[in-house]
Amino acid sequence: MSRFVAMRLLQVAAVLAIMSFVIYALIGLMPGDPIDLMISSNPHLTPADAVRLKALYGLDRPLIERYFAWAKAALTGDFGYSRLYVKPAFEVLLPRLGNTALLMGASIICAYALALPLGILAARKPGSAIDSAVNMLCFAGISVPPFWLALMLILIFAAGLGVLPAGGIATIGDGSIPDRLQHLVLPVATLTLASMGGHLRYIRASMIETLRQDFIRTARAKGAGETRVLTRHALRNALIPVVTVLALSFGSLFSGALITETMFAYPGMGKLIYDAIQGNDFNLALAGLLLATLTVLLANLAADIAYAVIDPRISYR
Amino acid sequence: MVAKVYVLGAVRRPLTSYDTDWKPVCLMCVELPSIENGLAEKVDLGNGKTGMKLTYTIRPEARWGDGVPVTTEDVVFSYEVGKNPKSGVIDSDLYRRILKIDVKDDKTFTITSDRVTFDYAIHNDFEILPAHLERAAFADPATYRFHTLYDTDPTNPGLYNGPYRIAELSPGSHVVLVRNPYWGGKQPYFSRIVIWAVENTAALQANLLAGGLDMIAGELGLSLDQALGFEVQHGKDFRLTYKPGLSFEHIDLNLDNPILADKSVRQALMFGIDRKAISDQIYSGRDPVADSLLPTLDPGYSSDVPRYNYDPAKASALLDGAGWKISSDGIRRKDGTPLTLELATTSGNRTREMIEQVLQAQWRQIGISVKLKNQPARVLLGGTVNRRNFTMAMFAWVSAPENVPRGELYSDQVPSAENGWSGENFDDYRSPEADRLIDAIETELDRDKRQQLWQQLQALYAEDLPSLPLYFRAEAFVLPHWLEGLDPTGHSAPSTLWVENWRRAGVQAAK
Amino acid sequence: MRRWRDAWRDRRVAWSGSLLLVLACAAFIVPILAPLAGQEWGGVDLYRRLASPSLIHPLGTDEIGRDLMLRLLQGGRVSLMVGIVAALAAAGFGTAIGLFAGFRGGRTDAVLMRATDGMIALPLLPLLIVLAAIDLKKIGVPTSLVDSEAISLYRIIVLVAFVGWTTVGRIVRGATLSLRSRDFVRAAEAMGASSARIMLVHILPNLASPIIVATTLAVGEIILLESVLSFLGVGVQPPIASWGNMLTGAQETIAFAPQLALYPGLLIFVTVIACNFLGDGLQDALDPRAERRL
């Protein structure tokens, strides 16, 4: 087990190293540089100023040289300064990471809290009215544009009924827990509804598959109650493939979080990365993308380990 | 950037500024130097050049937030930082123009400037830094921009000399301002002001309605059409103030383009668009149509300029006269070349994208085909335009009152590879007459004579049309009915420079 | 052929197929016919901004007075075209990778599938935003192309095809893997046919059904992705309308013009759900035993 984890951690490091170079190079391909922006926003700048500022920010050296300089600094924990926030990039990122983790975590919990019972309910009688309704819900979930879903929720609950805030993380001047929770409702609902369809589909399919197996029939024949059959015997087995899907879904969940955060002005990582890219804040965008990748990869790893825990048949060497 | 300027306005005072009537005033100094009061004099610099000696006295009561008086030592230190090429100061021209600073005593100093200009007394961007705190950070000038206390210890009271100081700073979220006990000027009414950064305008409006916010600053709050929408719904609960400002929305034309090189085509482009309808229908008339490059409030403004009211017939006649004849597909052609132009603006700016499509439709009516090619602001303004890679580009200039458009119109200000792409004459406008007027305005100290020159320059601009003037953008302030004393400036100086005047209605300002 | 008729009997296939067909016809034909109704009808008119629905403008007008229905159909044409073209490109790419991985098996398969899993697991949206922002001139795309008005369209097609192939890739790989051990493939191998020949002549034709199914599903997925990118301002750029970019800014006007936010999103939703139903129905009819998509 520990050897497996070590191997996977090594993989994570390798992927990160590759990604860092790819992203670094891509960001270098973005048009315009911060100095050009300064020049265009300041009429008094002279050519000498431009050259001086370029050298000051190290923008006059070739890409590969800059990458290695960056990587060397990054390994010591120095990810450079954010241009927009005038702070070390990581100092800007860390509080945002917590907000995003809260949003993603809450929505995973909500998605499963809804998808598990619905999936089991549907799987009990495939083809029934309940199953059709659940199926419809799956399709709706995977087909709805998440930003539009957010817009509609804002339209109904914030602009229309006025019962929930349209965005932000807390009412200004009020930082109480109920207030913060209230601000979480719409973002979490958006992300939950948008990501639930996929999970629900697998839970349902996996449950149907499991309920057909011999050991379920055996359990039923032995007179185990329906609830016990469903939860003790079937669910545990049905969850195994579901966990694989969960592991692979963190990436798209992060993408969903980016949209949700942008829509609700929620100060999370996704929105920060988006703003950094739009604002030519190279250091911040780079550090943000890498931190997001790392988080997603670690979440994958955690799901893989969970896989080993719930499935006794699998042992890792 | 604007947000930073806005906050700093309440906590740090520059030497001088323009007030809400667009007149130069002293903020940190006692009296503006002028030839009449003897505080300004021309000096011979040798080598045939003339400069100026300007004497300023720092307000006697001015103190930093830790009680240390603001002195000439601070002024000299700020000058050292500003002129040091390694310090990362962007606008080094301001400091280059200052040849030296002579200290007379703790409060009085003399600036020797390398030239004579009409706005000699104005040093709005000269920020005074607290030498007693910042000198240590400046020990190594190359790392000053990382070590400056404004970034590493922004709540240090000693950094601020305004009526307020920063008590709490949470970047991207909010700033808490509290009274600076050592402020010697008029006592501000509010003991505490919290400035929130809410990027999402829907959330901004919701918070205002929920009472979490009291007001929305016009400098960086709602766009005009959002404010107009807000006024329709909640107009009676708030006071909406629209201040037409210095943001000059216009379309830069690349005069190297053979089609645009022809003045009659440029004039036809103007006659072919209904700016009045755009202003009235989209902006409820709040954004006034621009006739030339200065807004009505500007001291140099003149109404005596050629005007371009919507007149498609006249536009067509001009184009016909220039040899552009309408062909079967409704597009004009000359010698087989279609009259096709490209228009770029900052993508993601919904208002501009909207206006652009209106203009495109109107030009199509007179036989001009315009392709839209938008780019994000950072690309358009951070590369395309200053490398002169455009045909027509719509954006805004924001400047100070009576700003001489040297960078924008002077013939030696055309960006090129040779000059490192500096200068803002993106159009490649080269007019000896404009050059002459700009030189003359800059050095003309007589108010009336200068006004005549301004009139000539505005008329020349409107006649030549190196760029197409559209309108002056208004800033929309959403204020509660109970707030008094907040006067929008409409120019680049934030209204927070007079934050000590803000008060509750009916309350006389505390002395 | 019979299988196709069977498929059409499936209610899901019939309904979503007809819906998509009608939508596509309307989107491709109406904008072409629109000029017949005169410049006035569909064009910009500042004096009828945000008009309410009427006989002449069934859904009302947008912020600069254009007919909203016409605008939606124009947007539909772009969104559908991006969806279909990019899905075909993605299908080609995915088929090549899936076929190769499934046929070669072993280490090749393991590496390719790891890469596919990796693609799925990465947070792709921020990466796409970076990709959409890069300066095409710096990677040697001809200036004339970069400067064309439709460049945002080409760019988005390439981008979404680049990330959209994974679904097809996995499905094709699964199907190839099972075909690989079938007798007719073994026989061809025994007769000394080259690998390329076996893949193209013996295996590929048998993959038609799963590829069609996967491509149908990919169309929906890609329309969704396009709308997200266009909404974020890095996809299709105005004045070209797409359902995604029509929604940009709708948030700001939602309080007094909710119809601008409602219709484009509704059309995306309906189109994508129809693609999903169609794909699902086709799968049951054409390829009932195939591996379920991820």
# chains A, B, ... in the order shown; residues from 1 in each chain; ligands from 1

$ closest_atom_pairs --of "segment 126-155 of chain C" --to "segment 223-232 of chain C" --cutoff "12 Å" --atoms "only C-alpha atoms" --output "JSON lines"
{"residue": "C:Pro126", "atom": "CA", "partner": "C:Leu229", "partner_atom": "CA", "distance": 10.1}
{"residue": "C:Leu127", "atom": "CA", "partner": "C:Leu229", "partner_atom": "CA", "distance": 11.4}
{"residue": "C:Leu128", "atom": "CA", "partner": "C:Leu229", "partner_atom": "CA", "distance": 8.3}
{"residue": "C:Ile129", "atom": "CA", "partner": "C:Leu229", "partner_atom": "CA", "distance": 7.6}
{"residue": "C:Val130", "atom": "CA", "partner": "C:Leu229", "partner_atom": "CA", "distance": 11.2}
{"residue": "C:Leu131", "atom": "CA", "partner": "C:Leu229", "partner_atom": "CA", "distance": 11.2}
{"residue": "C:Ala132", "atom": "CA", "partner": "C:Leu229", "partner_atom": "CA", "distance": 8.9}
{"residue": "C:Ala133", "atom": "CA", "partner": "C:Leu229", "partner_atom": "CA", "distance": 11.4}
{"residue": "C:Ser152", "atom": "CA", "partner": "C:Ser230", "partner_atom": "CA", "distance": 9.6}
{"residue": "C:Leu153", "atom": "CA", "partner": "C:Glu226", "partner_atom": "CA", "distance": 9.9}
{"residue": "C:Tyr154", "atom": "CA", "partner": "C:Glu226", "partner_atom": "CA", "distance": 11.8}
{"residue": "C:Arg155", "atom": "CA", "partner": "C:Glu226", "partner_atom": "CA", "distance": 10.8}

$ write_last_selection --atoms "C-alpha atoms" --output "compact mmCIF listing (two decimals), in the first residue's frame"
# COMPACT_ATOMS: atom_id res chain seq x y z
CA PRO C 126 -8.66 27.02 -17.06
CA LEU C 127 -6.22 25.40 -19.50
CA LEU C 128 -8.62 26.09 -22.35
CA ILE C 129 -8.85 29.71 -21.27
CA VAL C 130 -5.06 29.96 -21.49
CA LEU C 131 -5.08 28.21 -24.87
CA ALA C 132 -7.77 30.54 -26.14
CA ALA C 133 -5.66 33.50 -25.08
CA SER C 152 -12.53 32.91 -33.17
CA LEU C 153 -14.69 30.28 -34.83
CA TYR C 154 -11.77 28.23 -36.15
CA ARG C 155 -9.96 28.56 -32.88

$ select_by_dssp --residues "segment 120-283 of chain B" --states "strand (DSSP E or B)" --output "PyMOL selection string"
chain B and resi 164-170+174-179+192-196+216+238-253

$ write_last_selection --atoms "N, CA and C atoms" --output "mmCIF file, in the first residue's frame"
data_model
loop_
_atom_site.group_PDB
_atom_site.id
_atom_site.type_symbol
_atom_site.label_atom_id
_atom_site.label_comp_id
_atom_site.auth_asym_id
_atom_site.auth_seq_id
_atom_site.Cartn_x
_atom_site.Cartn_y
_atom_site.Cartn_z
ATOM 1 N N TYR B 164 -7.719 60.149 6.767
ATOM 2 C CA TYR B 164 -7.921 58.784 7.249
ATOM 3 C C TYR B 164 -6.620 58.014 7.118
ATOM 4 N N ARG B 165 -6.574 56.875 7.806
ATOM 5 C CA ARG B 165 -5.476 55.943 7.557
ATOM 6 C C ARG B 165 -6.062 54.553 7.379
ATOM 7 N N ILE B 166 -5.267 53.647 6.811
ATOM 8 C CA ILE B 166 -5.767 52.299 6.565
ATOM 9 C C ILE B 166 -5.606 51.475 7.840
ATOM 10 N N ALA B 167 -6.717 50.961 8.354
ATOM 11 C CA ALA B 167 -6.655 50.189 9.590
ATOM 12 C C ALA B 167 -6.657 48.700 9.284
ATOM 13 N N GLU B 168 -7.213 48.341 8.143
ATOM 14 C CA GLU B 168 -7.324 46.931 7.825
ATOM 15 C C GLU B 168 -7.374 46.830 6.307
ATOM 16 N N LEU B 169 -6.614 45.865 5.772
ATOM 17 C CA LEU B 169 -6.561 45.759 4.318
ATOM 18 C C LEU B 169 -6.683 44.300 3.931
ATOM 19 N N SER B 170 -7.648 43.991 3.120
ATOM 20 C CA SER B 170 -7.826 42.629 2.657
ATOM 21 C C SER B 170 -7.971 42.697 1.142
ATOM 22 N N HIS B 174 -11.807 44.121 0.984
ATOM 23 C CA HIS B 174 -12.176 45.412 1.528
ATOM 24 C C HIS B 174 -11.010 46.128 2.204
ATOM 25 N N VAL B 175 -11.200 47.390 2.434
ATOM 26 C CA VAL B 175 -10.230 48.228 3.128
ATOM 27 C C VAL B 175 -10.997 48.995 4.194
ATOM 28 N N VAL B 176 -10.484 48.989 5.411
ATOM 29 C CA VAL B 176 -11.127 49.764 6.470
ATOM 30 C C VAL B 176 -10.307 51.024 6.715
ATOM 31 N N LEU B 177 -10.958 52.183 6.622
ATOM 32 C CA LEU B 177 -10.292 53.448 6.881
ATOM 33 C C LEU B 177 -10.780 53.988 8.221
ATOM 34 N N VAL B 178 -9.858 54.442 9.048
ATOM 35 C CA VAL B 178 -10.251 55.115 10.284
ATOM 36 C C VAL B 178 -9.604 56.490 10.282
ATOM 37 N N ARG B 179 -10.142 57.383 11.129
ATOM 38 C CA ARG B 179 -9.615 58.740 11.170
ATOM 39 C C ARG B 179 -8.138 58.732 11.539
ATOM 40 N N ARG B 192 -15.316 56.082 10.521
ATOM 41 C CA ARG B 192 -14.817 54.858 9.911
ATOM 42 C C ARG B 192 -15.470 54.723 8.544
ATOM 43 N N ILE B 193 -14.677 54.409 7.542
ATOM 44 C CA ILE B 193 -15.233 54.177 6.199
ATOM 45 C C ILE B 193 -14.701 52.842 5.713
ATOM 46 N N VAL B 194 -15.587 51.974 5.276
ATOM 47 C CA VAL B 194 -15.141 50.696 4.739
ATOM 48 C C VAL B 194 -15.393 50.702 3.235
ATOM 49 N N ILE B 195 -14.341 50.441 2.479
ATOM 50 C CA ILE B 195 -14.471 50.406 1.025
ATOM 51 C C ILE B 195 -14.400 48.952 0.583
ATOM 52 N N TRP B 196 -15.466 48.479 -0.024
ATOM 53 C CA TRP B 196 -15.525 47.084 -0.464
ATOM 54 C C TRP B 196 -15.275 46.996 -1.955
ATOM 55 N N ILE B 216 -22.339 53.558 -4.068
ATOM 56 C CA ILE B 216 -21.451 52.997 -5.076
ATOM 57 C C ILE B 216 -20.700 54.150 -5.708
ATOM 58 N N PHE B 238 -32.500 56.112 -3.957
ATOM 59 C CA PHE B 238 -31.117 56.594 -3.989
ATOM 60 C C PHE B 238 -31.021 57.864 -4.826
ATOM 61 N N ARG B 239 -29.907 58.549 -4.650
ATOM 62 C CA ARG B 239 -29.644 59.715 -5.455
ATOM 63 C C ARG B 239 -28.604 59.307 -6.489
ATOM 64 N N LEU B 240 -28.973 59.354 -7.773
ATOM 65 C CA LEU B 240 -28.020 59.016 -8.813
ATOM 66 C C LEU B 240 -27.459 60.290 -9.421
ATOM 67 N N THR B 241 -26.144 60.389 -9.410
ATOM 68 C CA THR B 241 -25.486 61.571 -9.947
ATOM 69 C C THR B 241 -24.645 61.137 -11.132
ATOM 70 N N TYR B 242 -24.840 61.819 -12.248
ATOM 71 C CA TYR B 242 -24.044 61.482 -13.421
ATOM 72 C C TYR B 242 -23.116 62.646 -13.704
ATOM 73 N N LYS B 243 -21.828 62.368 -13.701
ATOM 74 C CA LYS B 243 -20.877 63.442 -13.941
ATOM 75 C C LYS B 243 -20.149 63.152 -15.252
ATOM 76 N N PRO B 244 -20.438 63.948 -16.295
ATOM 77 C CA PRO B 244 -19.723 63.718 -17.549
ATOM 78 C C PRO B 244 -18.246 63.989 -17.302
ATOM 79 N N GLY B 245 -17.419 63.078 -17.756
ATOM 80 C CA GLY B 245 -16.033 63.181 -17.343
ATOM 81 C C GLY B 245 -15.068 63.374 -18.487
ATOM 82 N N LEU B 246 -13.830 63.029 -18.183
ATOM 83 C CA LEU B 246 -12.752 63.220 -19.120
ATOM 84 C C LEU B 246 -12.478 61.987 -19.959
ATOM 85 N N SER B 247 -13.262 60.907 -19.748
ATOM 86 C CA SER B 247 -13.025 59.718 -20.551
ATOM 87 C C SER B 247 -13.535 60.007 -21.946
ATOM 88 N N PHE B 248 -12.612 60.155 -22.857
ATOM 89 C CA PHE B 248 -12.947 60.559 -24.216
ATOM 90 C C PHE B 248 -13.041 59.305 -25.078
ATOM 91 N N GLU B 249 -14.256 58.866 -25.286
ATOM 92 C CA GLU B 249 -14.484 57.664 -26.096
ATOM 93 C C GLU B 249 -14.377 58.077 -27.564
ATOM 94 N N HIS B 250 -13.521 57.391 -28.294
ATOM 95 C CA HIS B 250 -13.267 57.811 -29.674
ATOM 96 C C HIS B 250 -12.772 56.605 -30.469
ATOM 97 N N ILE B 251 -12.639 56.802 -31.769
ATOM 98 C CA ILE B 251 -12.098 55.736 -32.611
ATOM 99 C C ILE B 251 -10.799 56.229 -33.238
ATOM 100 N N ASP B 252 -9.703 55.596 -32.877
ATOM 101 C CA ASP B 252 -8.427 55.942 -33.496
ATOM 102 C C ASP B 252 -8.414 55.405 -34.925
ATOM 103 N N LEU B 253 -7.894 56.201 -35.844
ATOM 104 C CA LEU B 253 -7.836 55.786 -37.241
ATOM 105 C C LEU B 253 -6.373 55.658 -37.638
#

$ interface_residues --of "chain B" --to "chain A" --cutoff "7 Å" --atoms "only C-alpha atoms" --output "list in words"
Asp91, Asp93, Pro171, Glu199, Asn200, Ala202, Ala203, Ala206, Asn207, Gly212, Leu213, Arg378, Val379, Leu381, Gly382, Gly383, Asn386, Gly407, Asn419, Gly420, Ser422, Gly423 and Glu424 of chain B

$ write_last_selection --atoms "C-alpha atoms" --output "mmCIF file, in the first residue's frame"
data_model
loop_
_atom_site.group_PDB
_atom_site.id
_atom_site.type_symbol
_atom_site.label_atom_id
_atom_site.label_comp_id
_atom_site.auth_asym_id
_atom_site.auth_seq_id
_atom_site.Cartn_x
_atom_site.Cartn_y
_atom_site.Cartn_z
ATOM 1 C CA ASP B 91 6.338 57.521 -14.610
ATOM 2 C CA ASP B 93 9.303 61.592 -16.775
ATOM 3 C CA PRO B 171 -6.874 42.757 -1.035
ATOM 4 C CA GLU B 199 -16.408 42.871 -8.847
ATOM 5 C CA ASN B 200 -19.725 41.423 -9.807
ATOM 6 C CA ALA B 202 -25.179 42.202 -9.742
ATOM 7 C CA ALA B 203 -23.796 41.420 -6.303
ATOM 8 C CA ALA B 206 -27.864 43.449 -4.303
ATOM 9 C CA ASN B 207 -25.606 44.510 -1.452
ATOM 10 C CA GLY B 212 -24.639 46.193 3.307
ATOM 11 C CA LEU B 213 -23.335 49.101 1.277
ATOM 12 C CA ARG B 378 -4.789 43.716 -22.579
ATOM 13 C CA VAL B 379 -4.118 42.666 -26.179
ATOM 14 C CA LEU B 381 -4.133 48.261 -25.730
ATOM 15 C CA GLY B 382 -1.090 46.255 -24.695
ATOM 16 C CA GLY B 383 0.094 45.396 -28.175
ATOM 17 C CA ASN B 386 0.638 50.718 -29.719
ATOM 18 C CA GLY B 407 1.490 62.276 -26.779
ATOM 19 C CA ASN B 419 11.469 54.495 -30.313
ATOM 20 C CA GLY B 420 10.538 51.291 -28.511
ATOM 21 C CA SER B 422 6.408 54.662 -27.085
ATOM 22 C CA GLY B 423 4.188 57.644 -27.791
ATOM 23 C CA GLU B 424 0.444 57.619 -28.271
#

$ atom_distance --atom1 "atom CA of Glu221 of chain C" --atom2 "atom CA of Pro264 of chain C"
16.4 Å

$ interface_residues --of "chain C" --to "chain A" --cutoff "6 Å" --atoms "only C-alpha atoms" --output "ChimeraX atom specification"
/C:121-123,125,133-135,265,269,272-273

$ write_last_selection --atoms "N, CA and C atoms" --output "tab-separated table (two decimals), in the first residue's frame"
chain	number	residue	atom	x	y	z
C	121	ALA	N	-9.01	13.80	-16.18
C	121	ALA	CA	-8.88	14.20	-14.78
C	121	ALA	C	-8.41	15.64	-14.60
C	122	LEU	N	-7.74	16.20	-15.62
C	122	LEU	CA	-7.20	17.55	-15.45
C	122	LEU	C	-8.31	18.60	-15.40
C	123	PRO	N	-8.04	19.71	-14.68
C	123	PRO	CA	-9.00	20.81	-14.74
C	123	PRO	C	-8.85	21.52	-16.09
C	125	LEU	N	-10.90	23.44	-18.06
C	125	LEU	CA	-11.42	24.76	-18.42
C	125	LEU	C	-10.38	25.88	-18.28
C	133	ALA	N	-6.25	32.17	-25.17
C	133	ALA	CA	-5.66	33.50	-25.08
C	133	ALA	C	-4.34	33.60	-25.84
C	134	ILE	N	-3.77	32.47	-26.27
C	134	ILE	CA	-2.43	32.58	-26.86
C	134	ILE	C	-2.49	33.29	-28.21
C	135	ASP	N	-1.37	33.92	-28.51
C	135	ASP	CA	-1.25	34.71	-29.73
C	135	ASP	C	-0.91	33.76	-30.88
C	265	GLY	N	-30.08	30.19	-23.41
C	265	GLY	CA	-29.75	29.08	-22.54
C	265	GLY	C	-30.70	27.92	-22.72
C	269	PHE	N	-29.76	24.13	-23.77
C	269	PHE	CA	-30.22	23.01	-22.95
C	269	PHE	C	-30.99	22.00	-23.80
C	272	VAL	N	-28.66	20.19	-26.35
C	272	VAL	CA	-27.74	19.23	-25.75
C	272	VAL	C	-28.49	18.02	-25.23
C	273	ILE	N	-29.62	18.25	-24.62
C	273	ILE	CA	-30.37	17.10	-24.08
C	273	ILE	C	-30.87	16.23	-25.23

$ residues_around --residues "Ser411 of chain B" --least-positions-apart "6" --cutoff "9 Å" --atoms "only C-alpha atoms" --output "CSV table (one decimal) with C-alpha atoms, in the first residue's frame"
chain,number,residue,atom,x,y,z
B,425,ASN,CA,0.1,59.1,-31.7
B,428,ASP,CA,0.4,58.6,-37.4
B,429,TYR,CA,-1.1,62.1,-37.5
B,430,ARG,CA,1.5,64.5,-38.8
B,431,SER,CA,0.4,68.1,-38.9
B,432,PRO,CA,2.9,71.0,-38.6
B,434,ALA,CA,-1.0,70.8,-34.7
B,435,ASP,CA,2.7,70.6,-33.6

$ select_by_dssp --residues "segment 219-274 of chain B" --states "alpha helix (DSSP H)" --output "list in words"
Leu224, Asp225, Gln226, Ala227, Leu228, Gly229, Phe230, Glu231, Val232, Gln233, His234, Lys263, Ser264, Val265, Arg266, Gln267, Ala268, Leu269, Met270 and Phe271 of chain B

$ residues_around --residues "Ser242 of chain C" --least-positions-apart "3" --cutoff "6 Å" --atoms "only C-alpha atoms" --output "mmCIF file with C-alpha atoms, in the first residue's frame"
data_model
loop_
_atom_site.group_PDB
_atom_site.id
_atom_site.type_symbol
_atom_site.label_atom_id
_atom_site.label_comp_id
_atom_site.auth_asym_id
_atom_site.auth_seq_id
_atom_site.Cartn_x
_atom_site.Cartn_y
_atom_site.Cartn_z
ATOM 1 C CA GLY C 75 -26.520 31.923 -33.057
ATOM 2 C CA VAL C 78 -22.889 28.885 -35.313
ATOM 3 C CA SER C 79 -23.358 26.759 -32.212
ATOM 4 C CA ASN C 245 -21.959 34.776 -26.264
#

$ closest_atom_pairs --of "chain B" --to "chain C" --cutoff "7 Å" --atoms "only C-alpha atoms" --output "Markdown table"
| residue | atom | partner | partner_atom | distance |
| --- | --- | --- | --- | --- |
| B:Ala202 | CA | C:Glu252 | CA | 6.3 |
| B:Gln226 | CA | C:Glu252 | CA | 6.9 |
| B:Gln281 | CA | C:Leu46 | CA | 6.3 |
| B:Gly348 | CA | C:Gly233 | CA | 6.0 |
| B:Arg350 | CA | C:Gly249 | CA | 6.6 |
| B:Met354 | CA | C:Ile64 | CA | 7.0 |
| B:Gln357 | CA | C:Pro239 | CA | 6.9 |
| B:Val358 | CA | C:Val44 | CA | 6.2 |
| B:Ala361 | CA | C:Val44 | CA | 6.4 |
| B:Lys371 | CA | C:Glu149 | CA | 6.9 |
| B:Leu372 | CA | C:Pro239 | CA | 6.8 |
| B:Lys373 | CA | C:Glu149 | CA | 6.0 |

$ write_last_selection --atoms "N, CA and C atoms" --output "compact mmCIF listing (two decimals), in the first residue's frame"
# COMPACT_ATOMS: atom_id res chain seq x y z
N ALA B 202 -23.88 42.65 -10.27
CA ALA B 202 -25.18 42.20 -9.74
C ALA B 202 -25.10 42.10 -8.22
N GLN B 226 -25.88 50.15 -16.72
CA GLN B 226 -26.34 49.48 -15.49
C GLN B 226 -26.96 50.50 -14.54
N GLN B 281 -30.55 57.16 -26.88
CA GLN B 281 -31.25 55.90 -26.72
C GLN B 281 -30.56 54.96 -25.75
N GLY B 348 -15.35 41.86 -24.56
CA GLY B 348 -15.79 41.67 -23.19
C GLY B 348 -16.40 42.95 -22.62
N ARG B 350 -19.17 45.06 -22.93
CA ARG B 350 -20.45 44.86 -23.60
C ARG B 350 -20.95 46.13 -24.27
N MET B 354 -21.66 46.64 -28.24
CA MET B 354 -22.99 47.02 -28.68
C MET B 354 -22.92 48.23 -29.62
N GLN B 357 -21.57 47.53 -33.06
CA GLN B 357 -22.48 46.92 -34.02
C GLN B 357 -23.49 47.94 -34.56
N VAL B 358 -23.82 48.93 -33.73
CA VAL B 358 -24.69 49.99 -34.22
C VAL B 358 -23.97 50.80 -35.30
N ALA B 361 -23.75 48.97 -38.55
CA ALA B 361 -25.01 48.99 -39.31
C ALA B 361 -25.21 50.35 -39.98
N LYS B 371 -15.70 45.53 -40.88
CA LYS B 371 -15.56 44.24 -40.20
C LYS B 371 -15.16 44.49 -38.76
N LEU B 372 -15.74 43.73 -37.86
CA LEU B 372 -15.41 43.91 -36.45
C LEU B 372 -14.37 42.88 -36.04
N LYS B 373 -13.38 43.36 -35.35
CA LYS B 373 -12.29 42.45 -34.96
C LYS B 373 -11.86 42.83 -33.57
